[in-house]
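Q: Input file: target_39.pdb. Contents: PDB, C-alpha atoms (C1' of nucleotides).
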```pdb
ATOM      1  CA  MET U   1      46.388  13.156  -8.197
ATOM      2  CA  ARG U   2      46.240  15.809  -5.552
ATOM      3  CA  ILE U   3      47.343  19.368  -5.785
ATOM      4  CA  ARG U   4      49.433  20.244  -2.724
ATOM      5  CA  GLY U   5      50.100  23.420  -0.905
ATOM      6  CA  GLY U   6      47.375  24.563   1.444
ATOM      7  CA  ILE U   7      44.790  25.874  -0.974
ATOM      8  CA  PRO U   8      42.003  23.361  -1.545
ATOM      9  CA  ILE U   9      41.608  22.107  -5.099
ATOM     10  CA  TYR U  10      38.023  23.256  -5.391
ATOM     11  CA  GLU U  11      39.146  26.798  -4.583
ATOM     12  CA  GLN U  12      41.957  26.709  -7.088
ATOM     13  CA  LEU U  13      39.526  25.498  -9.708
ATOM     14  CA  GLU U  14      37.045  28.153  -8.698
ATOM     15  CA  ALA U  15      39.670  30.875  -9.130
ATOM     16  CA  ARG U  16      40.607  29.528 -12.520
ATOM     17  CA  ILE U  17      37.088  29.373 -13.887
ATOM     18  CA  THR U  18      36.232  32.728 -12.348
ATOM     19  CA  GLU U  19      39.093  34.212 -14.293
ATOM     20  CA  LEU U  20      37.850  32.682 -17.541
ATOM     21  CA  ILE U  21      34.395  34.114 -16.990
ATOM     22  CA  VAL U  22      35.289  37.555 -15.653
ATOM     23  CA  SER U  23      37.897  38.158 -18.326
ATOM     24  CA  GLY U  24      35.343  37.441 -21.027
ATOM     25  CA  GLU U  25      37.126  34.385 -22.394
ATOM     26  CA  MET U  26      33.847  32.592 -21.853
ATOM     27  CA  GLU U  27      30.696  34.240 -23.117
ATOM     28  CA  THR U  28      27.335  34.585 -21.483
ATOM     29  CA  ASP U  29      25.274  31.393 -21.767
ATOM     30  CA  GLU U  30      28.282  29.488 -22.988
ATOM     31  CA  ARG U  31      28.239  25.936 -21.758
ATOM     32  CA  LEU U  32      30.862  24.806 -19.293
ATOM     33  CA  PRO U  33      32.409  21.365 -19.561
ATOM     34  CA  THR U  34      30.489  18.839 -17.530
ATOM     35  CA  VAL U  35      31.473  17.963 -14.015
ATOM     36  CA  ARG U  36      32.649  14.576 -15.213
ATOM     37  CA  GLU U  37      34.666  16.002 -18.080
ATOM     38  CA  VAL U  38      36.584  18.376 -15.846
ATOM     39  CA  ALA U  39      37.122  15.625 -13.327
ATOM     40  CA  LYS U  40      38.594  13.402 -16.012
ATOM     41  CA  GLN U  41      40.744  16.146 -17.517
ATOM     42  CA  PHE U  42      42.400  17.079 -14.245
ATOM     43  CA  ALA U  43      42.241  13.604 -12.726
ATOM     44  CA  LEU U  44      39.970  14.787  -9.950
ATOM     45  CA  ASN U  45      36.960  13.293  -8.317
ATOM     46  CA  PRO U  46      33.669  14.494  -9.826
ATOM     47  CA  ASN U  47      32.487  15.465  -6.364
ATOM     48  CA  THR U  48      35.362  17.881  -5.995
ATOM     49  CA  VAL U  49      34.475  19.535  -9.271
ATOM     50  CA  GLN U  50      30.826  19.717  -8.360
ATOM     51  CA  LYS U  51      31.797  21.512  -5.200
ATOM     52  CA  THR U  52      33.450  24.149  -7.369
ATOM     53  CA  TYR U  53      30.409  24.466  -9.582
ATOM     54  CA  GLN U  54      28.188  24.886  -6.548
ATOM     55  CA  LEU U  55      30.434  27.688  -5.329
ATOM     56  CA  LEU U  56      30.316  29.402  -8.703
ATOM     57  CA  GLU U  57      26.553  29.101  -8.827
ATOM     58  CA  GLN U  58      26.195  30.552  -5.335
ATOM     59  CA  ARG U  59      28.202  33.539  -6.476
ATOM     60  CA  GLY U  60      26.062  34.026  -9.542
ATOM     61  CA  LEU U  61      28.824  33.277 -12.034
ATOM     62  CA  ILE U  62      27.102  30.266 -13.551
ATOM     63  CA  TYR U  63      23.700  28.660 -13.579
ATOM     64  CA  SER U  64      23.076  24.951 -13.783
ATOM     65  CA  ILE U  65      20.144  23.186 -15.380
ATOM     66  CA  PRO U  66      19.736  19.613 -14.178
ATOM     67  CA  SER U  67      20.128  17.064 -16.948
ATOM     68  CA  LYS U  68      21.372  19.748 -19.303
ATOM     69  CA  GLY U  69      24.522  21.439 -18.131
ATOM     70  CA  SER U  70      26.088  24.488 -16.521
ATOM     71  CA  TYR U  71      26.310  27.851 -18.256
ATOM     72  CA  VAL U  72      27.928  31.229 -17.818
ATOM     73  CA  SER U  73      25.562  33.743 -16.230
ATOM     74  CA  PRO U  74      24.923  37.130 -17.815
ATOM     75  CA  ARG U  75      27.486  39.613 -16.638
ATOM     76  CA  GLU U  76      25.081  41.803 -14.681
ATOM     77  CA  ASN U  77      24.206  38.811 -12.498
ATOM     78  CA  TYR U  78      27.611  38.437 -10.964
ATOM     79  CA  ILE U  79      29.948  41.321 -11.720
ATOM     80  CA  GLU U  80      28.829  43.327  -8.717
ATOM     81  CA  SER U  81      29.048  40.603  -6.102
ATOM     82  CA  CYS U  82      32.207  39.227  -7.642
ATOM     83  CA  LYS U  83      33.970  42.534  -7.380
ATOM     84  CA  ALA U  84      32.629  43.049  -3.901
ATOM     85  CA  LEU U  85      34.138  39.772  -2.789
ATOM     86  CA  ALA U  86      37.418  40.596  -4.491
ATOM     87  CA  ALA U  87      37.466  43.996  -2.795
ATOM     88  CA  LYS U  88      36.874  42.394   0.578
ATOM     89  CA  ASN U  89      39.747  39.963   0.112
ATOM     90  CA  PHE U  90      41.981  42.686  -1.208
ATOM     91  CA  THR U  91      41.261  44.893   1.774
ATOM     92  CA  GLU U  92      42.467  42.112   4.032
ATOM     93  CA  ALA U  93      45.632  41.849   1.981
ATOM     94  CA  VAL U  94      46.226  45.570   2.378
ATOM     95  CA  ASN U  95      45.837  45.310   6.129
ATOM     96  CA  ASP U  96      48.253  42.392   6.289
ATOM     97  CA  ALA U  97      50.827  44.262   4.228
ATOM     98  CA  VAL U  98      50.529  47.349   6.412
ATOM     99  CA  LYS U  99      51.034  45.257   9.515
ATOM    100  CA  ARG U 100      54.237  43.968   7.994
ATOM    101  CA  GLY U 101      55.636  47.391   7.363
ATOM    102  CA  LEU U 102      54.479  48.512   3.922
ATOM    103  CA  ASN U 103      52.915  51.944   3.594
ATOM    104  CA  ALA U 104      50.266  53.299   1.238
ATOM    105  CA  ASP U 105      52.746  54.637  -1.267
ATOM    106  CA  GLU U 106      54.627  51.387  -1.491
ATOM    107  CA  LEU U 107      51.405  49.447  -1.909
ATOM    108  CA  THR U 108      50.188  51.805  -4.604
ATOM    109  CA  GLN U 109      53.463  51.357  -6.425
ATOM    110  CA  ILE U 110      53.073  47.573  -6.322
ATOM    111  CA  VAL U 111      49.535  47.898  -7.636
ATOM    112  CA  ARG U 112      50.766  50.009 -10.535
ATOM    113  CA  SER U 113      53.676  47.835 -11.543
ATOM    114  CA  THR U 114      51.706  44.639 -11.154
ATOM    115  CA  CYS U 115      48.788  45.887 -13.227
ATOM    116  CA  LYS U 116      51.022  47.311 -15.912
ATOM    117  CA  ASP U 117      52.093  43.870 -17.104
ATOM    118  CA  LYS U 118      48.606  43.114 -18.269
TER     119      LYS U 118
ATOM    120  CA  MET O   1      41.337  25.109  22.262
ATOM    121  CA  ARG O   2      41.772  25.321  18.566
ATOM    122  CA  ILE O   3      41.336  28.361  16.414
ATOM    123  CA  ARG O   4      39.235  27.515  13.387
ATOM    124  CA  GLY O   5      39.072  28.844   9.915
ATOM    125  CA  GLY O   6      41.723  27.551   7.563
ATOM    126  CA  ILE O   7      44.707  29.531   8.744
ATOM    127  CA  PRO O   8      46.994  27.503  11.026
ATOM    128  CA  ILE O   9      47.393  28.796  14.550
ATOM    129  CA  TYR O  10      51.146  29.165  14.284
ATOM    130  CA  GLU O  11      50.661  31.483  11.292
ATOM    131  CA  GLN O  12      48.034  33.553  13.082
ATOM    132  CA  LEU O  13      50.359  33.876  16.015
ATOM    133  CA  GLU O  14      53.240  34.730  13.713
ATOM    134  CA  ALA O  15      51.209  37.510  12.102
ATOM    135  CA  ARG O  16      50.251  38.878  15.487
ATOM    136  CA  ILE O  17      53.761  38.970  16.873
ATOM    137  CA  THR O  18      55.144  40.316  13.609
ATOM    138  CA  GLU O  19      52.739  43.204  13.935
ATOM    139  CA  LEU O  20      53.893  43.923  17.477
ATOM    140  CA  ILE O  21      57.507  43.992  16.376
ATOM    141  CA  VAL O  22      57.187  45.845  13.091
ATOM    142  CA  SER O  23      54.914  48.484  14.565
ATOM    143  CA  GLY O  24      57.477  49.208  17.248
ATOM    144  CA  GLU O  25      55.264  48.174  20.154
ATOM    145  CA  MET O  26      58.092  45.882  21.113
ATOM    146  CA  GLU O  27      61.565  47.323  21.235
ATOM    147  CA  THR O  28      64.826  45.911  20.003
ATOM    148  CA  ASP O  29      66.265  43.339  22.408
ATOM    149  CA  GLU O  30      63.047  43.274  24.380
ATOM    150  CA  ARG O  31      62.356  39.826  25.713
ATOM    151  CA  LEU O  32      59.396  37.904  24.365
ATOM    152  CA  PRO O  33      57.237  35.821  26.688
ATOM    153  CA  THR O  34      58.501  32.263  26.900
ATOM    154  CA  VAL O  35      57.125  29.538  24.735
ATOM    155  CA  ARG O  36      55.429  28.014  27.732
ATOM    156  CA  GLU O  37      53.903  31.316  28.860
ATOM    157  CA  VAL O  38      52.326  31.992  25.480
ATOM    158  CA  ALA O  39      51.110  28.420  25.305
ATOM    159  CA  LYS O  40      49.426  28.795  28.655
ATOM    160  CA  GLN O  41      47.953  32.204  27.903
ATOM    161  CA  PHE O  42      46.287  31.100  24.675
ATOM    162  CA  ALA O  43      45.690  27.534  25.772
ATOM    163  CA  LEU O  44      47.940  26.188  23.067
ATOM    164  CA  ASN O  45      50.486  23.469  23.024
ATOM    165  CA  PRO O  46      54.050  24.696  23.629
ATOM    166  CA  ASN O  47      55.139  22.958  20.435
ATOM    167  CA  THR O  48      52.742  25.057  18.398
ATOM    168  CA  VAL O  49      54.160  28.230  19.890
ATOM    169  CA  GLN O  50      57.689  27.077  19.336
ATOM    170  CA  LYS O  51      56.875  26.575  15.674
ATOM    171  CA  THR O  52      55.906  30.230  15.517
ATOM    172  CA  TYR O  53      59.116  31.316  17.237
ATOM    173  CA  GLN O  54      61.148  29.254  14.791
ATOM    174  CA  LEU O  55      59.384  30.966  11.906
ATOM    175  CA  LEU O  56      60.052  34.392  13.396
ATOM    176  CA  GLU O  57      63.697  33.545  13.941
ATOM    177  CA  GLN O  58      64.090  32.307  10.368
ATOM    178  CA  ARG O  59      62.756  35.635   9.192
ATOM    179  CA  GLY O  60      65.150  37.565  11.361
ATOM    180  CA  LEU O  61      62.473  39.144  13.529
ATOM    181  CA  ILE O  62      63.685  37.557  16.744
ATOM    182  CA  TYR O  63      66.734  35.741  18.027
ATOM    183  CA  SER O  64      66.653  32.995  20.604
ATOM    184  CA  ILE O  65      69.290  32.144  23.145
ATOM    185  CA  PRO O  66      68.939  28.647  24.562
ATOM    186  CA  SER O  67      68.286  28.587  28.273
ATOM    187  CA  LYS O  68      67.760  32.342  28.287
ATOM    188  CA  GLY O  69      64.907  33.471  26.099
ATOM    189  CA  SER O  70      63.812  34.982  22.809
ATOM    190  CA  TYR O  71      64.343  38.640  21.954
ATOM    191  CA  VAL O  72      63.357  41.179  19.323
ATOM    192  CA  SER O  73      66.043  41.571  16.672
ATOM    193  CA  PRO O  74      67.410  44.996  15.742
ATOM    194  CA  ARG O  75      65.290  46.562  13.052
ATOM    195  CA  GLU O  76      67.927  46.485  10.327
ATOM    196  CA  ASN O  77      68.095  42.692  10.637
ATOM    197  CA  TYR O  78      64.568  42.062   9.487
ATOM    198  CA  ILE O  79      62.867  45.116   8.069
ATOM    199  CA  GLU O  80      64.148  44.486   4.564
ATOM    200  CA  SER O  81      63.256  40.800   4.279
ATOM    201  CA  CYS O  82      60.017  41.361   6.145
ATOM    202  CA  LYS O  83      58.880  43.981   3.695
ATOM    203  CA  ALA O  84      60.057  41.859   0.794
ATOM    204  CA  LEU O  85      57.883  38.994   1.958
ATOM    205  CA  ALA O  86      54.941  41.314   2.503
ATOM    206  CA  ALA O  87      55.417  42.751  -0.978
ATOM    207  CA  LYS O  88      55.466  39.285  -2.488
ATOM    208  CA  ASN O  89      52.226  38.312  -0.777
ATOM    209  CA  PHE O  90      50.632  41.600  -1.658
ATOM    210  CA  THR O  91      51.540  41.186  -5.308
ATOM    211  CA  GLU O  92      49.687  37.893  -5.332
ATOM    212  CA  ALA O  93      46.677  39.596  -3.817
ATOM    213  CA  VAL O  94      46.755  42.226  -6.542
ATOM    214  CA  ASN O  95      46.838  39.555  -9.220
ATOM    215  CA  ASP O  96      43.919  37.733  -7.632
ATOM    216  CA  ALA O  97      41.889  40.912  -7.426
ATOM    217  CA  VAL O  98      42.587  41.753 -11.062
ATOM    218  CA  LYS O  99      41.497  38.304 -12.131
ATOM    219  CA  ARG O 100      38.236  38.926 -10.372
ATOM    220  CA  GLY O 101      37.530  42.132 -12.170
ATOM    221  CA  LEU O 102      39.105  44.953 -10.174
ATOM    222  CA  ASN O 103      41.314  47.430 -12.013
ATOM    223  CA  ALA O 104      44.317  49.467 -10.917
ATOM    224  CA  ASP O 105      42.293  52.541 -10.024
ATOM    225  CA  GLU O 106      39.863  50.603  -7.900
ATOM    226  CA  LEU O 107      42.693  48.828  -6.120
ATOM    227  CA  THR O 108      44.501  52.088  -5.473
ATOM    228  CA  GLN O 109      41.340  53.520  -4.030
ATOM    229  CA  ILE O 110      41.004  50.580  -1.660
ATOM    230  CA  VAL O 111      44.622  51.020  -0.596
ATOM    231  CA  ARG O 112      44.007  54.682   0.161
ATOM    232  CA  SER O 113      40.808  54.231   2.121
ATOM    233  CA  THR O 114      42.142  51.248   4.022
ATOM    234  CA  CYS O 115      45.361  52.971   5.010
ATOM    235  CA  LYS O 116      43.611  56.158   6.003
ATOM    236  CA  ASP O 117      42.004  54.557   9.051
ATOM    237  CA  LYS O 118      45.349  54.079  10.668
TER     238      LYS O 118
ATOM    239  C1'  DA K   1      11.951   3.688 -27.145
ATOM    240  C1'  DT K   2      16.195   3.173 -25.137
ATOM    241  C1'  DA K   3      20.810   4.000 -24.013
ATOM    242  C1'  DA K   4      23.933   7.510 -22.675
ATOM    243  C1'  DT K   5      24.622  11.845 -20.448
ATOM    244  C1'  DT K   6      23.287  15.541 -17.525
ATOM    245  C1'  DG K   7      23.181  17.887 -12.589
ATOM    246  C1'  DT K   8      22.362  16.577  -8.079
ATOM    247  C1'  DA K   9      22.433  13.974  -3.739
ATOM    248  C1'  DT K  10      23.871  10.795  -0.078
ATOM    249  C1'  DT K  11      26.926   8.202   2.698
ATOM    250  C1'  DA K  12      31.155   6.107   4.039
ATOM    251  C1'  DA K  13      36.012   5.711   3.673
ATOM    252  C1'  DT K  14      40.616   7.568   3.068
ATOM    253  C1'  DC K  15      44.362  10.708   3.423
ATOM    254  C1'  DT K  16      47.034  14.579   5.053
ATOM    255  C1'  DA K  17      48.367  18.492   7.607
ATOM    256  C1'  DA K  18      47.688  20.563  11.829
ATOM    257  C1'  DA K  19      47.762  20.228  16.459
ATOM    258  C1'  DT K  20      48.364  17.623  20.760
ATOM    259  C1'  DA K  21      50.852  15.112  24.061
ATOM    260  C1'  DA K  22      54.509  13.294  26.697
ATOM    261  C1'  DT K  23      59.043  13.530  27.268
ATOM    262  C1'  DA K  24      63.958  14.628  27.429
ATOM    263  C1'  DC K  25      68.341  17.349  27.356
ATOM    264  C1'  DA K  26      71.729  20.909  28.322
ATOM    265  C1'  DG K  27      72.530  25.472  29.786
ATOM    266  C1'  DT K  28      71.096  29.566  32.778
ATOM    267  C1'  DT K  29      69.401  31.671  36.582
ATOM    268  C1'  DG K  30      68.125  32.558  41.377
TER     269       DG K  30
ATOM    270  C1'  DC P   1      70.335  22.734  43.943
ATOM    271  C1'  DA P   2      65.813  23.815  42.033
ATOM    272  C1'  DA P   3      63.290  26.152  38.645
ATOM    273  C1'  DC P   4      63.204  27.827  34.143
ATOM    274  C1'  DT P   5      64.957  28.469  29.483
ATOM    275  C1'  DG P   6      65.087  27.024  24.270
ATOM    276  C1'  DT P   7      65.285  22.980  21.727
ATOM    277  C1'  DA P   8      64.423  18.276  20.118
ATOM    278  C1'  DT P   9      62.121  13.810  19.328
ATOM    279  C1'  DT P  10      58.439  10.688  18.617
ATOM    280  C1'  DA P  11      53.736   9.089  18.716
ATOM    281  C1'  DT P  12      48.981  10.151  18.758
ATOM    282  C1'  DT P  13      44.779  12.570  17.784
ATOM    283  C1'  DT P  14      41.854  15.451  15.132
ATOM    284  C1'  DA P  15      39.524  17.835  11.423
ATOM    285  C1'  DG P  16      39.136  19.117   6.870
ATOM    286  C1'  DA P  17      39.891  17.823   2.182
ATOM    287  C1'  DT P  18      39.361  14.413  -0.990
ATOM    288  C1'  DT P  19      37.979  10.027  -2.663
ATOM    289  C1'  DA P  20      34.795   6.517  -3.606
ATOM    290  C1'  DA P  21      30.679   4.142  -4.755
ATOM    291  C1'  DT P  22      26.313   4.832  -5.736
ATOM    292  C1'  DA P  23      21.684   6.484  -6.926
ATOM    293  C1'  DC P  24      17.934   9.380  -9.014
ATOM    294  C1'  DA P  25      15.206  11.940 -12.373
ATOM    295  C1'  DA P  26      15.330  14.593 -16.522
ATOM    296  C1'  DT P  27      17.344  15.429 -21.044
ATOM    297  C1'  DT P  28      19.537  14.175 -25.252
ATOM    298  C1'  DA P  29      20.969  11.310 -29.029
ATOM    299  C1'  DT P  30      20.766   7.103 -31.516
TER     300       DT P  30
END
```
Go ahead and render the structure in this file as structure tokens.
A:
Amino acid sequence: MRIRGGIPIYEQLEARITELIVSGEMETDERLPTVREVAKQFALNPNTVQKTYQLLEQRGLIYSIPSKGSYVSPRENYIESCKALAAKNFTEAVNDAVKRGLNADELTQIVRSTCKDK
Amino acid sequence: MRIRGGIPIYEQLEARITELIVSGEMETDERLPTVREVAKQFALNPNTVQKTYQLLEQRGLIYSIPSKGSYVSPRENYIESCKALAAKNFTEAVNDAVKRGLNADELTQIVRSTCKDK
DNA sequence: ATAATTGTATTAATCTAAATAATACAGTTG
DNA sequence: CAACTGTATTATTTAGATTAATACAATTAT
């Protein structure tokens, strides 16, 4: 099974797990499902899942102990860099929107209404 | 020559031309360079450029007359749908940023500072 | 102890979308 | 008439994403 539509699976998975961790749904030092478990659950290849875990580890969101498992990093290890990356991506999105005719007020309004539903 | 980095060339080109049109650098009914001219200038295949022109026409930004050329559409033909599309994409970006830990105030701040430099 | 499970690593093969390439056609323009 | 226009078709090539088949050493559970 292969998820279509441009965005690579390992990135989709990375976004999903990032959300679980950043939102606090997973606690610090909580164990993540093994690479093989996730692969089985979503019918993916273990290598694809490992790629995601490597990404998450590079960004400080998780730490992996060989032969043991992968765990959620303490918040102070990642929150800064995670937000920095998000801010960078978001800045690009703002620039794109401006180029397509939206102004600061309109963007601010979208931010407000989108965040309100949370 | 092939532009690297995930985003397809025809989308990069589409973004670039959209900017020219939306910003007003190109005027209504102004003629766009021909498919073959653009292809030559950027060392692309004419088919790739044509794909971009098709996209732009679908979005109402340009209109093409066979055997004559492609021209910038009047503003009222596209500005609404163009902004709607931009708003849709931007909303996704907001959601992504929120999932990664940014809040409404932080996002608004980024909007302000990013738009200021323009 | 020993069998199963862990993260990690390597290498090759497969698959798909993107991009290229080579044309062709009909209408216009000079 | 010759050159140029947008448009269309089909086949090929390419590169990145994904799969696949393993293997290893360390940990855990039986």
Q: For the reference chain O, what are the coordinates of chain U after least-squares fitting (all Cα, in-order pairing), as a compact mmCIF listing (two decimals) with C-alpha atoms, keeping the file's coordinate frame?
A:
```txt
# COMPACT_ATOMS: atom_id res chain seq x y z
CA MET U 1 41.23 25.02 22.34
CA ARG U 2 41.69 25.26 18.63
CA ILE U 3 41.30 28.26 16.44
CA ARG U 4 39.20 27.33 13.40
CA GLY U 5 39.02 28.65 9.92
CA GLY U 6 41.74 27.47 7.58
CA ILE U 7 44.69 29.52 8.76
CA PRO U 8 46.98 27.50 11.01
CA ILE U 9 47.38 28.78 14.55
CA TYR U 10 51.13 29.15 14.29
CA GLU U 11 50.64 31.47 11.31
CA GLN U 12 48.04 33.54 13.09
CA LEU U 13 50.38 33.87 16.03
CA GLU U 14 53.24 34.73 13.73
CA ALA U 15 51.20 37.52 12.12
CA ARG U 16 50.27 38.87 15.51
CA ILE U 17 53.78 38.98 16.90
CA THR U 18 55.14 40.32 13.62
CA GLU U 19 52.75 43.21 13.95
CA LEU U 20 53.91 43.93 17.50
CA ILE U 21 57.52 43.99 16.40
CA VAL U 22 57.20 45.85 13.10
CA SER U 23 54.94 48.51 14.57
CA GLY U 24 57.50 49.23 17.27
CA GLU U 25 55.27 48.18 20.15
CA MET U 26 58.11 45.89 21.12
CA GLU U 27 61.59 47.33 21.25
CA THR U 28 64.84 45.91 20.01
CA ASP U 29 66.28 43.33 22.43
CA GLU U 30 63.06 43.27 24.37
CA ARG U 31 62.35 39.83 25.72
CA LEU U 32 59.40 37.90 24.39
CA PRO U 33 57.25 35.81 26.70
CA THR U 34 58.52 32.27 26.91
CA VAL U 35 57.15 29.54 24.72
CA ARG U 36 55.44 28.02 27.73
CA GLU U 37 53.93 31.30 28.86
CA VAL U 38 52.35 31.98 25.50
CA ALA U 39 51.13 28.42 25.31
CA LYS U 40 49.45 28.77 28.68
CA GLN U 41 47.97 32.18 27.92
CA PHE U 42 46.29 31.08 24.71
CA ALA U 43 45.69 27.49 25.80
CA LEU U 44 47.95 26.16 23.08
CA ASN U 45 50.50 23.43 23.00
CA PRO U 46 54.06 24.68 23.61
CA ASN U 47 55.16 22.95 20.43
CA THR U 48 52.77 25.05 18.39
CA VAL U 49 54.18 28.22 19.89
CA GLN U 50 57.72 27.08 19.33
CA LYS U 51 56.89 26.56 15.70
CA THR U 52 55.91 30.23 15.54
CA TYR U 53 59.11 31.31 17.23
CA GLN U 54 61.15 29.26 14.80
CA LEU U 55 59.39 30.97 11.92
CA LEU U 56 60.06 34.40 13.39
CA GLU U 57 63.70 33.55 13.94
CA GLN U 58 64.08 32.31 10.37
CA ARG U 59 62.76 35.64 9.18
CA GLY U 60 65.16 37.57 11.36
CA LEU U 61 62.48 39.14 13.55
CA ILE U 62 63.71 37.55 16.76
CA TYR U 63 66.74 35.74 18.05
CA SER U 64 66.67 33.00 20.63
CA ILE U 65 69.32 32.17 23.19
CA PRO U 66 68.97 28.67 24.60
CA SER U 67 68.30 28.63 28.33
CA LYS U 68 67.75 32.37 28.31
CA GLY U 69 64.90 33.46 26.11
CA SER U 70 63.82 34.99 22.81
CA TYR U 71 64.36 38.64 21.95
CA VAL U 72 63.37 41.17 19.34
CA SER U 73 66.05 41.57 16.67
CA PRO U 74 67.43 44.98 15.75
CA ARG U 75 65.30 46.55 13.07
CA GLU U 76 67.93 46.47 10.34
CA ASN U 77 68.08 42.68 10.66
CA TYR U 78 64.56 42.05 9.49
CA ILE U 79 62.87 45.11 8.05
CA GLU U 80 64.13 44.46 4.55
CA SER U 81 63.23 40.80 4.29
CA CYS U 82 59.98 41.36 6.13
CA LYS U 83 58.86 43.98 3.68
CA ALA U 84 60.03 41.87 0.79
CA LEU U 85 57.86 39.00 1.95
CA ALA U 86 54.91 41.33 2.49
CA ALA U 87 55.39 42.77 -1.00
CA LYS U 88 55.43 39.30 -2.50
CA ASN U 89 52.20 38.33 -0.78
CA PHE U 90 50.61 41.62 -1.68
CA THR U 91 51.52 41.21 -5.32
CA GLU U 92 49.66 37.91 -5.34
CA ALA U 93 46.65 39.63 -3.82
CA VAL U 94 46.74 42.25 -6.56
CA ASN U 95 46.82 39.57 -9.23
CA ASP U 96 43.89 37.75 -7.64
CA ALA U 97 41.86 40.95 -7.45
CA VAL U 98 42.58 41.78 -11.08
CA LYS U 99 41.48 38.33 -12.14
CA ARG U 100 38.21 38.95 -10.37
CA GLY U 101 37.52 42.16 -12.19
CA LEU U 102 39.10 44.99 -10.20
CA ASN U 103 41.30 47.45 -12.05
CA ALA U 104 44.31 49.48 -10.94
CA ASP U 105 42.31 52.55 -10.07
CA GLU U 106 39.87 50.63 -7.94
CA LEU U 107 42.69 48.86 -6.15
CA THR U 108 44.51 52.11 -5.52
CA GLN U 109 41.35 53.56 -4.07
CA ILE U 110 41.01 50.62 -1.69
CA VAL U 111 44.63 51.04 -0.65
CA ARG U 112 44.02 54.70 0.11
CA SER U 113 40.83 54.28 2.08
CA THR U 114 42.13 51.29 3.97
CA CYS U 115 45.37 53.00 4.96
CA LYS U 116 43.63 56.21 5.93
CA ASP U 117 42.02 54.62 8.98
CA LYS U 118 45.37 54.16 10.60
```
Q: Using only C-alpha atoms (C1' of nucleotides), determine which residues of chain K fall within 8 Å of chain U; present them as a PDB file with C-alpha atoms (C1' of nucleotides), in the coordinates of the input.
A:
```pdb
ATOM      1  C1'  DT K   5      24.622  11.845 -20.448  1.00  0.00           C
ATOM      2  C1'  DT K   6      23.287  15.541 -17.525  1.00  0.00           C
ATOM      3  C1'  DG K   7      23.181  17.887 -12.589  1.00  0.00           C
ATOM      4  C1'  DT K   8      22.362  16.577  -8.079  1.00  0.00           C
TER       5       DT K   8
END
```
Q: Determine, for each residue of chain P having at least one atom at most 12 Å from an atom of chain U, the closest pair of atoms and their separation in Å to one decimal, counting all atoms listed in the file; order by chain and ascending number, as a tab-separated table.
A:
```
residue	atom	partner	partner_atom	distance
P:DG16	C1'	U:Pro8	CA	9.9
P:DA17	C1'	U:Pro8	CA	7.0
P:DT18	C1'	U:Thr48	CA	7.3
P:DT19	C1'	U:Asn45	CA	6.6
P:DA20	C1'	U:Asn45	CA	8.5
P:DA21	C1'	U:Asn47	CA	11.6
P:DC24	C1'	U:Ser67	CA	11.3
P:DA25	C1'	U:Ser67	CA	8.5
P:DA26	C1'	U:Ser67	CA	5.4
P:DT27	C1'	U:Ser67	CA	5.2
P:DT28	C1'	U:Lys68	CA	8.4
```
Q: Distance atom CA of Phe42 of chain U-atom CA of Lys88 of chain O, one decimal place?
A: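 Computing it gives 28.3 Å between the two atoms.
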Q: How many Å separate atom CA of Leu102 of chain U from atom CA of Val49 of chain O?
A: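 Between these atoms lies a distance of 25.8 Å.
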Q: Give me, as number ranges by chain, the contact residues of chain O against chain U at a cut-off of 10 Å, counting only C-alpha atoms.
A: O: 6-7, 15-16, 18-23, 79-80, 82-116, 118
Q: Report as a list of chain:residue names the full result of the PyMOL selection byres ((chain P and resi 12) around 9) when it is applied to this structure.
A: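 Those residues are K:DT20, K:DA21, P:DA11, P:DT13.
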Q: Under the rule that all atoms listed in the file are counted, which of O:Tyr53, O:Tyr63, O:Pro74, O:Asp117 is the nearest residue to Ile17 of chain O?
A: O:Tyr53
Q: Just give me the gap between atom CA of Val38 of chain O and atom CA of Ser81 of chain O in Å, one decimal is fine.
A: 25.4 Å
Q: When distances are computed from only C-alpha atoms, which of O:Glu30, O:Lys51, O:Gln12, O:Ala43 shows the smallest separation from Val72 of chain O?
A: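 Comparing O:Glu30, O:Lys51, O:Gln12, O:Ala43 against Val72 of chain O, the winner is O:Glu30.
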Q: Pick out the residues sitting within 8 Å of Arg75 of chain U, and hand them over as a list of chain:residue names; count all atoms listed in the file, and ignore anything fewer than 3 positions along from it in its own chain.
A: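 After dropping sequence-adjacent residues, the list is U:Thr28, U:Leu61, U:Tyr78, U:Ile79.
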Q: Could you save the residues just selected, with C-alpha atoms, as a PDB file, in the frame of the given file?
A:
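Output file out22.pdb follows:
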```
ATOM      1  CA  THR U  28      27.335  34.585 -21.483  1.00  0.00           C
ATOM      2  CA  LEU U  61      28.824  33.277 -12.034  1.00  0.00           C
ATOM      3  CA  TYR U  78      27.611  38.437 -10.964  1.00  0.00           C
ATOM      4  CA  ILE U  79      29.948  41.321 -11.720  1.00  0.00           C
TER       5      ILE U  79
END
```
